[in-house]
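Pasted below: protein29.cif, mmCIF, C-alpha atoms and all ligand atoms.
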```cif
data_target
#
loop_
_atom_site.label_atom_id
_atom_site.label_comp_id
_atom_site.auth_asym_id
_atom_site.auth_seq_id
_atom_site.Cartn_x
_atom_site.Cartn_y
_atom_site.Cartn_z
CA MET A 1 47.04 159.44 167.77
CA SER A 2 48.17 155.96 166.76
CA LYS A 3 51.40 155.61 164.88
CA ASN A 4 51.04 154.69 161.21
CA PRO A 5 53.11 151.54 160.73
CA HIS A 6 53.49 152.27 157.03
CA LYS A 7 55.01 155.69 157.47
CA GLU A 8 58.08 156.05 155.33
CA THR A 9 61.28 155.93 157.35
CA ASP A 10 63.41 158.99 157.11
CA LEU A 11 66.46 157.55 155.41
CA ARG A 12 68.71 160.09 157.04
CA GLN A 13 67.97 158.49 160.38
CA LEU A 14 69.39 155.19 159.25
CA ARG A 15 73.11 155.10 159.84
CA VAL A 16 75.73 153.67 157.56
CA ALA A 17 76.95 150.68 159.50
CA TYR A 18 80.63 151.10 158.90
CA PRO A 19 82.85 153.95 160.03
CA ALA A 20 84.03 156.40 157.42
CA LEU A 21 87.67 156.26 156.46
CA ALA A 22 89.74 158.95 154.82
CA PRO A 23 89.39 158.87 151.02
CA VAL A 24 92.14 156.71 149.65
CA PHE A 25 92.91 157.78 146.14
CA GLU A 26 91.70 161.36 145.95
CA ASN A 27 93.71 163.68 143.73
CA ASP A 28 96.58 161.27 143.46
CA PRO A 29 98.01 160.75 140.00
CA ASP A 30 99.67 157.46 140.88
CA LEU A 31 96.77 155.17 141.71
CA ALA A 32 98.86 152.03 141.64
CA ALA A 33 101.15 153.24 144.39
CA LEU A 34 98.23 154.21 146.57
CA PHE A 35 96.57 150.85 146.17
CA LYS A 36 99.53 149.29 147.98
CA GLY A 37 99.53 148.85 151.70
CA ARG A 38 95.81 149.11 152.29
CA HIS A 39 94.32 146.44 154.44
CA PHE A 40 91.16 144.42 154.34
CA VAL A 41 88.76 147.27 154.15
CA LEU A 42 86.90 148.18 150.98
CA ASN A 43 86.35 151.90 150.49
CA ILE A 44 83.47 151.44 148.10
CA PHE A 45 81.23 154.12 149.55
CA ASP A 46 81.35 157.88 149.47
CA GLY A 47 82.80 158.38 152.94
CA GLY A 48 82.45 154.82 154.12
CA SER A 49 83.83 151.35 153.93
CA ILE A 50 83.00 147.72 154.52
CA ALA A 51 85.03 144.74 155.67
CA ALA A 52 86.20 142.70 152.69
CA ASN A 53 85.41 139.42 154.42
CA SER A 54 81.75 140.35 154.79
CA ILE A 55 81.36 140.54 151.02
CA LEU A 56 83.83 137.95 149.81
CA SER A 57 82.15 134.69 150.74
CA ALA A 58 78.57 135.94 150.90
CA SER A 59 75.78 135.48 148.38
CA SER A 60 74.35 138.81 147.32
CA VAL A 61 72.35 140.61 144.64
CA LEU A 62 72.78 144.09 143.22
CA LEU A 63 69.54 145.24 141.61
CA GLY A 64 68.82 148.53 139.86
CA GLN A 65 67.23 149.87 136.72
CA SER A 66 69.28 151.07 133.78
CA GLY A 67 71.37 154.10 134.73
CA SER A 68 70.98 153.60 138.50
CA GLY A 69 74.73 153.11 138.89
CA LYS A 70 75.21 149.35 139.17
CA THR A 71 78.20 149.08 136.88
CA ASN A 72 79.91 151.96 138.62
CA GLY A 73 79.31 150.30 142.01
CA LEU A 74 80.59 146.95 140.75
CA ALA A 75 83.69 148.59 139.30
CA ALA A 76 84.40 150.34 142.62
CA LEU A 77 84.02 146.98 144.37
CA LEU A 78 86.39 145.18 141.98
CA GLU A 79 88.96 147.97 142.35
CA GLU A 80 88.82 147.70 146.12
CA LEU A 81 88.95 143.89 146.13
CA ALA A 82 92.05 143.99 143.97
CA ASN A 83 93.47 146.69 146.22
CA VAL A 84 93.29 144.48 149.30
CA GLY A 85 94.55 141.42 147.42
CA ALA A 86 91.29 139.48 147.33
CA SER A 87 90.60 136.90 144.65
CA PHE A 88 87.64 137.25 142.28
CA SER A 89 86.20 136.23 138.93
CA CYS A 90 83.89 138.61 137.15
CA ILE A 91 81.62 137.81 134.22
CA ASP A 92 81.62 141.14 132.37
CA SER A 93 78.50 140.53 130.28
CA GLU A 94 78.17 144.10 129.02
CA GLY A 95 81.87 144.75 128.50
CA ASP A 96 82.08 147.79 130.76
CA LEU A 97 83.98 146.46 133.77
CA TYR A 98 87.20 145.23 132.17
CA THR A 99 88.76 148.73 132.23
CA VAL A 100 89.42 148.05 135.94
CA ALA A 101 92.44 146.10 134.64
CA ASP A 102 93.86 149.29 133.07
CA ILE A 103 94.68 150.68 136.51
CA LEU A 104 95.24 147.43 138.42
CA LYS A 105 97.97 145.27 136.99
CA SER A 106 97.00 142.21 139.06
CA VAL A 107 93.65 142.03 137.28
CA LYS A 108 93.59 139.91 134.12
CA VAL A 109 91.13 140.38 131.28
CA ILE A 110 90.32 137.07 129.61
CA GLU A 111 88.32 136.89 126.41
CA VAL A 112 86.19 133.76 126.47
CA LYS A 113 86.75 131.40 123.57
CA ASN A 114 83.91 129.10 122.72
CA ALA A 115 86.30 126.36 121.66
CA TRP A 116 87.59 125.89 125.22
CA HIS A 117 87.23 122.37 126.53
CA GLU A 118 85.77 121.69 129.94
CA GLU A 119 89.19 120.54 131.20
CA ASP A 120 90.79 123.84 130.15
CA ILE A 121 88.08 125.77 131.93
CA TYR A 122 88.62 123.67 135.07
CA ALA A 123 92.38 124.28 134.92
CA LEU A 124 91.74 128.02 134.66
CA ALA A 125 89.43 127.96 137.69
CA LEU A 126 92.00 125.93 139.64
CA SER A 127 94.87 128.32 138.95
CA THR A 128 92.57 131.25 139.79
CA ILE A 129 91.69 129.96 143.24
CA GLN A 130 95.11 128.50 144.08
CA GLY A 131 96.99 131.51 142.76
CA ILE A 132 94.59 134.02 144.45
CA GLU A 133 94.06 135.57 141.03
CA ARG A 134 91.65 138.20 139.73
CA ASN A 135 89.98 137.64 136.38
CA ILE A 136 87.48 139.62 134.35
CA PHE A 137 85.90 137.59 131.56
CA THR A 138 84.68 139.35 128.44
CA PHE A 139 82.85 138.08 125.36
CA THR A 140 83.10 139.23 121.78
CA ALA A 141 79.96 140.85 120.37
CA THR A 142 79.23 137.75 118.30
CA THR A 143 79.39 135.22 121.15
CA THR A 144 75.94 133.64 121.34
CA ILE A 145 73.95 133.39 124.55
CA GLU A 146 74.34 129.58 124.53
CA GLU A 147 78.11 129.95 124.26
CA ARG A 148 78.15 132.41 127.14
CA ARG A 149 75.98 130.17 129.29
CA ARG A 150 78.11 127.14 128.57
CA PHE A 151 81.21 128.97 129.73
CA VAL A 152 79.60 130.47 132.84
CA LEU A 153 78.23 127.06 133.80
CA ASN A 154 81.51 125.20 133.36
CA TYR A 155 83.61 127.86 135.02
CA SER A 156 81.27 128.36 138.01
CA LYS A 157 80.90 124.60 138.45
CA SER A 158 84.68 124.23 138.48
CA LEU A 159 85.05 127.01 141.08
CA PHE A 160 82.46 125.32 143.29
CA GLU A 161 84.11 121.90 142.98
CA ILE A 162 87.53 123.32 143.78
CA ALA A 163 86.18 125.38 146.70
CA ASP A 164 84.42 122.27 148.03
CA ALA A 165 87.57 120.15 147.80
CA ARG A 166 89.60 122.81 149.63
CA TYR A 167 86.91 123.09 152.30
CA ARG A 168 87.06 119.34 152.91
CA GLU A 169 90.82 119.62 153.31
CA GLY A 170 90.32 122.50 155.75
CA LYS A 171 92.00 124.92 153.35
CA ALA A 172 89.13 127.05 152.06
CA MET A 173 90.16 130.42 150.62
CA PRO A 174 87.66 133.18 149.83
CA HIS A 175 86.86 133.86 146.20
CA LEU A 176 84.05 136.05 144.87
CA LEU A 177 82.21 135.24 141.65
CA VAL A 178 80.64 138.42 140.27
CA ILE A 179 78.07 138.07 137.50
CA ASP A 180 76.79 141.18 135.74
CA GLU A 181 73.50 140.91 133.81
CA ALA A 182 72.83 137.83 135.92
CA HIS A 183 69.30 137.34 134.55
CA LEU A 184 70.98 135.93 131.43
CA TYR A 185 72.39 133.06 133.49
CA ALA A 186 69.73 132.61 136.18
CA ALA A 187 66.44 133.39 134.47
CA GLN A 188 63.02 133.35 136.05
CA GLN A 189 61.37 132.20 132.83
CA TYR A 190 63.00 129.91 130.32
CA SER A 191 62.02 127.13 127.99
CA SER A 192 63.41 123.68 127.40
CA ALA A 193 65.12 125.16 124.34
CA ASP A 194 67.26 127.34 126.64
CA LYS A 195 70.27 125.13 126.86
CA TRP A 196 72.15 124.97 130.20
CA MET A 197 69.59 127.01 132.16
CA GLN A 198 68.39 124.25 134.45
CA GLU A 199 71.94 123.27 135.33
CA LEU A 200 72.87 126.91 135.92
CA LEU A 201 69.94 127.43 138.28
CA PHE A 202 70.75 124.28 140.24
CA LEU A 203 74.38 125.32 140.54
CA PHE A 204 73.72 128.93 141.58
CA GLY A 205 71.13 127.75 144.11
CA ASN A 206 73.82 125.53 145.64
CA ILE A 207 76.46 128.25 145.62
CA ALA A 208 74.01 130.73 147.20
CA SER A 209 73.14 128.32 150.00
CA MET A 210 76.39 126.38 150.50
CA GLY A 211 79.10 128.65 149.13
CA ARG A 212 79.80 130.63 152.29
CA LYS A 213 81.55 127.87 154.27
CA ARG A 214 83.45 126.87 151.18
CA GLY A 215 84.70 130.40 150.68
CA LEU A 216 82.87 130.88 147.39
CA GLY A 217 80.81 134.07 147.30
CA LEU A 218 78.35 134.95 144.59
CA LEU A 219 77.31 138.48 143.62
CA MET A 220 74.61 138.68 140.97
CA ALA A 221 73.86 142.07 139.43
CA THR A 222 71.04 142.85 137.04
CA THR A 223 69.01 145.60 135.42
CA ARG A 224 66.09 143.22 135.06
CA ALA A 225 65.21 142.25 138.61
CA ALA A 226 61.91 140.76 137.42
CA ARG A 227 63.80 138.38 135.14
CA LEU A 228 66.21 137.10 137.76
CA ASN A 229 65.27 133.73 139.21
CA LYS A 230 63.10 134.20 142.31
CA ASP A 231 64.41 131.14 144.17
CA ILE A 232 67.92 132.47 143.96
CA LEU A 233 66.75 135.98 144.88
CA SER A 234 65.15 134.68 148.04
CA GLN A 235 68.25 132.71 149.06
CA VAL A 236 70.80 135.51 149.08
CA ARG A 237 72.14 136.89 152.36
CA MET A 238 72.86 140.45 151.26
CA ARG A 239 71.13 142.87 148.92
CA TRP A 240 72.22 146.09 147.28
CA LEU A 241 68.98 147.68 146.11
CA MET A 242 69.28 150.62 143.76
CA ARG A 243 66.61 152.75 142.09
CA ALA A 244 63.73 150.99 140.31
CA VAL A 245 60.26 152.17 139.31
CA GLU A 246 58.77 149.26 137.32
CA PRO A 247 56.20 147.39 139.46
CA ALA A 248 57.43 144.00 138.21
CA ASP A 249 60.96 144.85 139.33
CA ILE A 250 59.80 146.13 142.71
CA LYS A 251 57.96 142.84 143.20
CA SER A 252 61.26 141.06 142.74
CA TYR A 253 62.88 143.32 145.32
CA ARG A 254 60.26 141.98 147.70
CA ALA A 255 61.36 138.42 146.89
CA ALA A 256 64.91 139.44 147.73
CA LEU A 257 63.69 140.69 151.12
CA ASN A 258 61.67 137.55 151.87
CA SER A 259 63.80 136.46 154.78
CA ILE A 260 63.07 139.67 156.72
CA ASP A 261 60.32 138.83 159.18
CA ASP A 262 59.09 142.33 159.98
CA PRO A 263 56.75 143.55 157.18
CA ASN A 264 57.23 147.18 158.27
CA VAL A 265 60.95 146.95 157.74
CA GLN A 266 60.36 145.42 154.31
CA TRP A 267 57.83 148.11 153.47
CA ASN A 268 60.13 150.96 154.49
CA ILE A 269 62.89 149.64 152.29
CA ILE A 270 60.61 149.09 149.29
CA ALA A 271 59.01 152.54 149.67
CA SER A 272 62.34 154.27 149.27
CA ILE A 273 63.46 152.39 146.14
CA PRO A 274 61.81 154.62 143.46
CA THR A 275 63.24 157.77 145.05
CA LEU A 276 66.89 156.75 145.23
CA PRO A 277 69.32 159.08 143.42
CA ILE A 278 71.98 157.75 141.01
CA GLY A 279 74.73 155.81 142.74
CA CYS A 280 72.69 155.29 145.93
CA ALA A 281 71.46 151.97 147.26
CA ILE A 282 69.78 150.49 150.27
CA PHE A 283 72.24 147.93 151.55
CA VAL A 284 70.44 145.13 153.38
CA PRO A 285 72.85 142.61 154.93
CA ASP A 286 72.09 139.53 156.98
CA ASP A 287 70.59 141.42 159.92
CA GLY A 288 67.73 142.58 157.70
CA GLN A 289 68.30 146.26 158.47
CA GLY A 290 68.38 148.62 155.48
CA ARG A 291 71.19 151.14 155.34
CA PRO A 292 71.41 153.83 152.70
CA ILE A 293 74.80 154.03 151.02
CA LYS A 294 76.29 155.84 148.06
CA PHE A 295 78.90 154.11 145.97
CA ARG A 296 81.99 156.14 145.27
CA MET A 297 82.88 156.84 141.65
CA ARG A 298 85.09 154.25 140.06
CA TYR A 299 88.70 155.23 139.34
CA SER A 300 88.86 153.16 136.18
CA ARG A 301 87.51 154.50 132.90
CA HIS A 302 83.74 154.37 132.43
CA ILE A 303 83.12 153.34 128.83
CA SER A 304 79.40 152.74 128.63
CA THR A 305 78.22 156.26 127.82
CA THR A 306 76.13 156.68 124.64
CA PRO A 307 78.33 157.77 121.69
CA THR A 308 77.45 161.26 120.42
CA MET A 309 78.11 163.03 117.10
CA GLU A 310 80.97 164.96 118.72
CA ASN A 311 82.89 161.69 118.46
CA TYR A 312 83.04 162.14 114.65
CA GLU A 313 85.32 165.08 115.27
CA LYS A 314 87.32 163.38 117.97
CA TYR A 315 87.88 160.01 116.32
CA GLY A 316 86.94 160.32 112.62
CA GLU A 317 89.64 160.27 110.00
CA LYS A 318 87.96 162.72 107.64
CA GLU A 319 87.18 166.35 108.35
CA VAL A 320 83.49 166.84 109.14
N1 LIG B 1 77.99 156.81 142.67
C1 LIG B 1 77.81 157.63 141.62
N2 LIG B 1 77.98 158.96 141.75
C2 LIG B 1 77.81 159.77 140.69
N3 LIG B 1 77.47 159.37 139.46
C3 LIG B 1 77.28 158.07 139.26
C4 LIG B 1 77.42 157.12 140.32
N4 LIG B 1 77.18 155.90 139.84
C5 LIG B 1 76.89 156.05 138.53
N5 LIG B 1 76.95 157.35 138.18
C6 LIG B 1 76.74 157.87 136.81
O1 LIG B 1 75.50 157.37 136.32
C7 LIG B 1 75.64 156.86 134.99
C8 LIG B 1 75.11 155.44 134.90
O2 LIG B 1 75.89 154.59 135.73
P1 LIG B 1 76.10 153.05 135.42
O3 LIG B 1 76.58 152.84 134.04
O4 LIG B 1 76.93 152.51 136.52
O5 LIG B 1 74.58 152.54 135.53
P2 LIG B 1 73.98 151.08 135.33
O6 LIG B 1 73.00 150.88 136.42
O7 LIG B 1 75.08 150.09 135.21
O8 LIG B 1 73.21 151.21 133.96
P3 LIG B 1 72.94 150.07 132.85
O9 LIG B 1 71.97 149.13 133.47
O10 LIG B 1 72.33 150.84 131.72
O11 LIG B 1 74.24 149.44 132.51
C9 LIG B 1 77.11 156.96 134.65
O12 LIG B 1 77.31 157.96 133.67
C10 LIG B 1 77.82 157.28 135.92
O13 LIG B 1 78.87 158.21 135.74
MG MG B 2 75.63 148.70 133.66
#
```
Translate this structure into structure tokens?
Ligand SMILES: Nc1ncnc2c1ncn2[C@@H]1O[C@H](COP(=O)(O)OP(=O)(O)OP(=O)(O)O)[C@@H](O)[C@H]1O
Ligand SMILES: [Mg+2]
Amino acid sequence: MSKNPHKETDLRQLRVAYPALAPVFENDPDLAALFKGRHFVLNIFDGGSIAANSILSASSVLLGQSGSGKTNGLAALLEELANVGASFSCIDSEGDLYTVADILKSVKVIEVKNAWHEEDIYALALSTIQGIERNIFTFTATTTIEERRRFVLNYSKSLFEIADARYREGKAMPHLLVIDEAHLYAAQQYSSADKWMQELLFLFGNIASMGRKRGLGLLMATTRAARLNKDILSQVRMRWLMRAVEPADIKSYRAALNSIDDPNVQWNIIASIPTLPIGCAIFVPDDGQGRPIKFRMRYSRHISTTPTMENYEKYGEKEV
């Protein structure tokens, strides 16, 4: 009997590529103390870890439908990056990552002000890279999409310029730019009325293809895979693919796997996407091999649950 090339791979046969380490923070009340002294290994998985350097200067995407566990995975990653002393900037579009700073004092939360001049934004990017700092940028609820895009463009452009200058001097230092809800800043469809979009796409295309040597990594996460720019999707070197069921989104996952030559490997990865449990992903690094992983739970507070009526009793001033 001939072997069916489209048979679904048994995910359990795929091995997690990195050896498991002992859990770092379990049951310890003093997280800050435990964060000290760990080396360049990120314990972002349940029972597994990954070398910080492999993520820091790489271009990657994290795709998954609402509730698949993206924010939790990103938070675990930011916690671990801070833990090993790595430098990052995170665009917290939804406002649910900044609580990482509550447990990690080296992480700064910066509320973006629309009035900032380009020079001020450049100075901020410079001190971030030179000072090996960790920033999470938040927006107020009334910040418009144009204002957000303007900031993300100017800040990312500054990071790229600074990283490029350091690279030319032979002094490149790794810095990871993490962008949540990335489809807002690198859209597949946009009109000429969408200010900044063309410049953003040009810039992110350059960072995705030229950032690695310059030490500037880019991690784009989104709920709307179908709305994320396909050119950028097909340029990334690593993918974290979480659960999705919408055909349009799955099509975009295919774009993200474009560089894999073997169609069977692509097919096996795609076939498993709708069945993935919460928190699980197929991690597909440069070698094109899919590895199932499960992100560990974040240690920082998760704030994006839907408010319920019980909150009236907890937080209301009047008796109900
Ligand atoms: N690795 C995990 N293990 C167990 N539970 C998880 C894991 N990751 C996420 N969850 C739970 O699933 C829920 C949704 O997670 P999360 O907010 O990270 O999803 P999301 O993909 O960011 O969703 P959205 O697109 O709506 O923001 C949370 O309540 C979280 O506690
Ligand atoms: Mg989220």
Show me, as a Markdown table, the residues of chain A having an atom within 12 Å of ligand MG 2 (chain B), each with the closest atom pair and its distance in Å, using all atoms listed in the file.
```
| residue | atom | partner | partner_atom | distance |
| --- | --- | --- | --- | --- |
| A:Leu62 | CA | B:MG2 | MG | 11.0 |
| A:Leu63 | CA | B:MG2 | MG | 10.6 |
| A:Gly64 | CA | B:MG2 | MG | 9.2 |
| A:Gln65 | CA | B:MG2 | MG | 9.0 |
| A:Ser66 | CA | B:MG2 | MG | 6.8 |
| A:Gly67 | CA | B:MG2 | MG | 7.0 |
| A:Ser68 | CA | B:MG2 | MG | 8.3 |
| A:Gly69 | CA | B:MG2 | MG | 6.9 |
| A:Lys70 | CA | B:MG2 | MG | 5.6 |
| A:Thr71 | CA | B:MG2 | MG | 4.1 |
| A:Asn72 | CA | B:MG2 | MG | 7.3 |
| A:Gly73 | CA | B:MG2 | MG | 9.3 |
| A:Leu74 | CA | B:MG2 | MG | 8.8 |
| A:Ala75 | CA | B:MG2 | MG | 9.8 |
| A:Asp92 | CA | B:MG2 | MG | 9.7 |
| A:Ser93 | CA | B:MG2 | MG | 9.3 |
| A:Glu94 | CA | B:MG2 | MG | 7.0 |
| A:Gly95 | CA | B:MG2 | MG | 9.0 |
| A:Asp96 | CA | B:MG2 | MG | 7.1 |
| A:Leu97 | CA | B:MG2 | MG | 8.6 |
| A:Ile179 | CA | B:MG2 | MG | 11.6 |
| A:Asp180 | CA | B:MG2 | MG | 7.9 |
| A:Glu181 | CA | B:MG2 | MG | 8.1 |
| A:Ala182 | CA | B:MG2 | MG | 11.5 |
| A:Ala221 | CA | B:MG2 | MG | 9.0 |
| A:Thr222 | CA | B:MG2 | MG | 8.2 |
| A:Thr223 | CA | B:MG2 | MG | 7.5 |
| A:Arg224 | CA | B:MG2 | MG | 11.1 |
| A:Gly279 | CA | B:MG2 | MG | 11.6 |
| A:His302 | CA | B:MG2 | MG | 10.0 |
| A:Ile303 | CA | B:MG2 | MG | 10.0 |
| A:Ser304 | CA | B:MG2 | MG | 7.5 |
| A:Thr305 | CA | B:MG2 | MG | 9.9 |
```
12 Å contact set for A:Ser89, all atoms listed in the file, chain neighbours under 5 positions out, as an mmCIF file with C-alpha atoms, keeping the file's coordinate frame:
```cif
data_model
loop_
_atom_site.group_PDB
_atom_site.id
_atom_site.type_symbol
_atom_site.label_atom_id
_atom_site.label_comp_id
_atom_site.auth_asym_id
_atom_site.auth_seq_id
_atom_site.Cartn_x
_atom_site.Cartn_y
_atom_site.Cartn_z
ATOM 1 C CA LEU A 56 83.830 137.950 149.810
ATOM 2 C CA LEU A 78 86.390 145.180 141.980
ATOM 3 C CA LEU A 81 88.950 143.890 146.130
ATOM 4 C CA ALA A 82 92.050 143.990 143.970
ATOM 5 C CA LEU A 97 83.980 146.460 133.770
ATOM 6 C CA TYR A 98 87.200 145.230 132.170
ATOM 7 C CA VAL A 107 93.650 142.030 137.280
ATOM 8 C CA LYS A 108 93.590 139.910 134.120
ATOM 9 C CA VAL A 109 91.130 140.380 131.280
ATOM 10 C CA ILE A 110 90.320 137.070 129.610
ATOM 11 C CA LEU A 124 91.740 128.020 134.660
ATOM 12 C CA ALA A 125 89.430 127.960 137.690
ATOM 13 C CA LEU A 126 92.000 125.930 139.640
ATOM 14 C CA SER A 127 94.870 128.320 138.950
ATOM 15 C CA THR A 128 92.570 131.250 139.790
ATOM 16 C CA ILE A 129 91.690 129.960 143.240
ATOM 17 C CA ILE A 132 94.590 134.020 144.450
ATOM 18 C CA GLU A 133 94.060 135.570 141.030
ATOM 19 C CA ARG A 134 91.650 138.200 139.730
ATOM 20 C CA ASN A 135 89.980 137.640 136.380
ATOM 21 C CA ILE A 136 87.480 139.620 134.350
ATOM 22 C CA PHE A 137 85.900 137.590 131.560
ATOM 23 C CA THR A 138 84.680 139.350 128.440
ATOM 24 C CA VAL A 152 79.600 130.470 132.840
ATOM 25 C CA TYR A 155 83.610 127.860 135.020
ATOM 26 C CA SER A 156 81.270 128.360 138.010
ATOM 27 C CA LEU A 159 85.050 127.010 141.080
ATOM 28 C CA PRO A 174 87.660 133.180 149.830
ATOM 29 C CA HIS A 175 86.860 133.860 146.200
ATOM 30 C CA LEU A 176 84.050 136.050 144.870
ATOM 31 C CA LEU A 177 82.210 135.240 141.650
ATOM 32 C CA VAL A 178 80.640 138.420 140.270
ATOM 33 C CA ILE A 179 78.070 138.070 137.500
ATOM 34 C CA ASP A 180 76.790 141.180 135.740
ATOM 35 C CA LEU A 216 82.870 130.880 147.390
ATOM 36 C CA GLY A 217 80.810 134.070 147.300
ATOM 37 C CA LEU A 218 78.350 134.950 144.590
ATOM 38 C CA LEU A 219 77.310 138.480 143.620
#
```
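The spacing separating atom CA of A:Leu228 from atom CA of A:Ala186 amounts to 5.9 Å.
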What is the atom CA of A:Phe45-atom CA of A:Ala76 distance in Å, reported with one decimal? 8.5 Å
Using all atoms listed in the file, which of A:Ile55, A:Ser192, A:Ile121, A:Glu80 sits nearest A:Leu104? A:Glu80
Using Å and a single decimal, report how far atom CA of A:Ala86 sits from atom CA of A:Leu257. 27.9 Å
Looking at A:Ala165, A:Ile232, A:Ile145, A:Leu276, which one is nearest to A:Val245, with distances taken over only C-alpha atoms? A:Leu276
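Proximity to ligand LIG 1 (chain B) was assessed for A:Asn311, A:Ser60, A:Thr140, A:Ser300 counting only C-alpha atoms and all ligand atoms; the smallest distance is recorded for A:Ser300.
Proximity of A:Pro285, A:Gly85, A:Pro277, A:Pro247 to ligand LIG 1 (chain B), computed with all atoms listed in the file, is greatest for A:Pro277.
Closest to ligand LIG 1 (chain B) among A:Ala281, A:Arg296, A:Glu317, A:Lys213 is A:Arg296, based on only C-alpha atoms and all ligand atoms.
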Write out as AutoDock Vina command-line options an axis-aligned box for stretch 306-314 of chain A: all of its atoms listed in the file, 6 Å added on each side, centre and edge lengths in Å with one decimal.
```
--center_x 81.7 --center_y 160.9 --center_z 119.6 --size_x 23.2 --size_y 20.4 --size_z 22.0
```
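Here the question is which of A:Arg168, A:Arg212, A:Arg150, A:Arg243 gets nearest to ligand LIG 1 (chain B) using only C-alpha atoms and all ligand atoms, and that residue is A:Arg243.
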Can you tell me which residues surround A:Asn53 at a distance of at most 10 Å, considering only C-alpha atoms, apart from same-chain residues fewer than 3 positions away, and format the answer as a PyMOL selection string? chain A and resi 40-42+50+56-58+86+174+215
Now that the selection is made, can you save its residues with C-alpha atoms as a CSV table (one decimal), in the coordinates of the input?
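Now in out26.csv:
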```csv
chain,number,residue,atom,x,y,z
A,40,PHE,CA,91.2,144.4,154.3
A,41,VAL,CA,88.8,147.3,154.2
A,42,LEU,CA,86.9,148.2,151.0
A,50,ILE,CA,83.0,147.7,154.5
A,56,LEU,CA,83.8,138.0,149.8
A,57,SER,CA,82.2,134.7,150.7
A,58,ALA,CA,78.6,135.9,150.9
A,86,ALA,CA,91.3,139.5,147.3
A,174,PRO,CA,87.7,133.2,149.8
A,215,GLY,CA,84.7,130.4,150.7
```
Spatial neighbours of A:Leu203, max dist 9 Å, all atoms listed in the file, sep filter under 2 positions, as number ranges by chain: A: 153, 156-157, 160, 198-201, 205-208
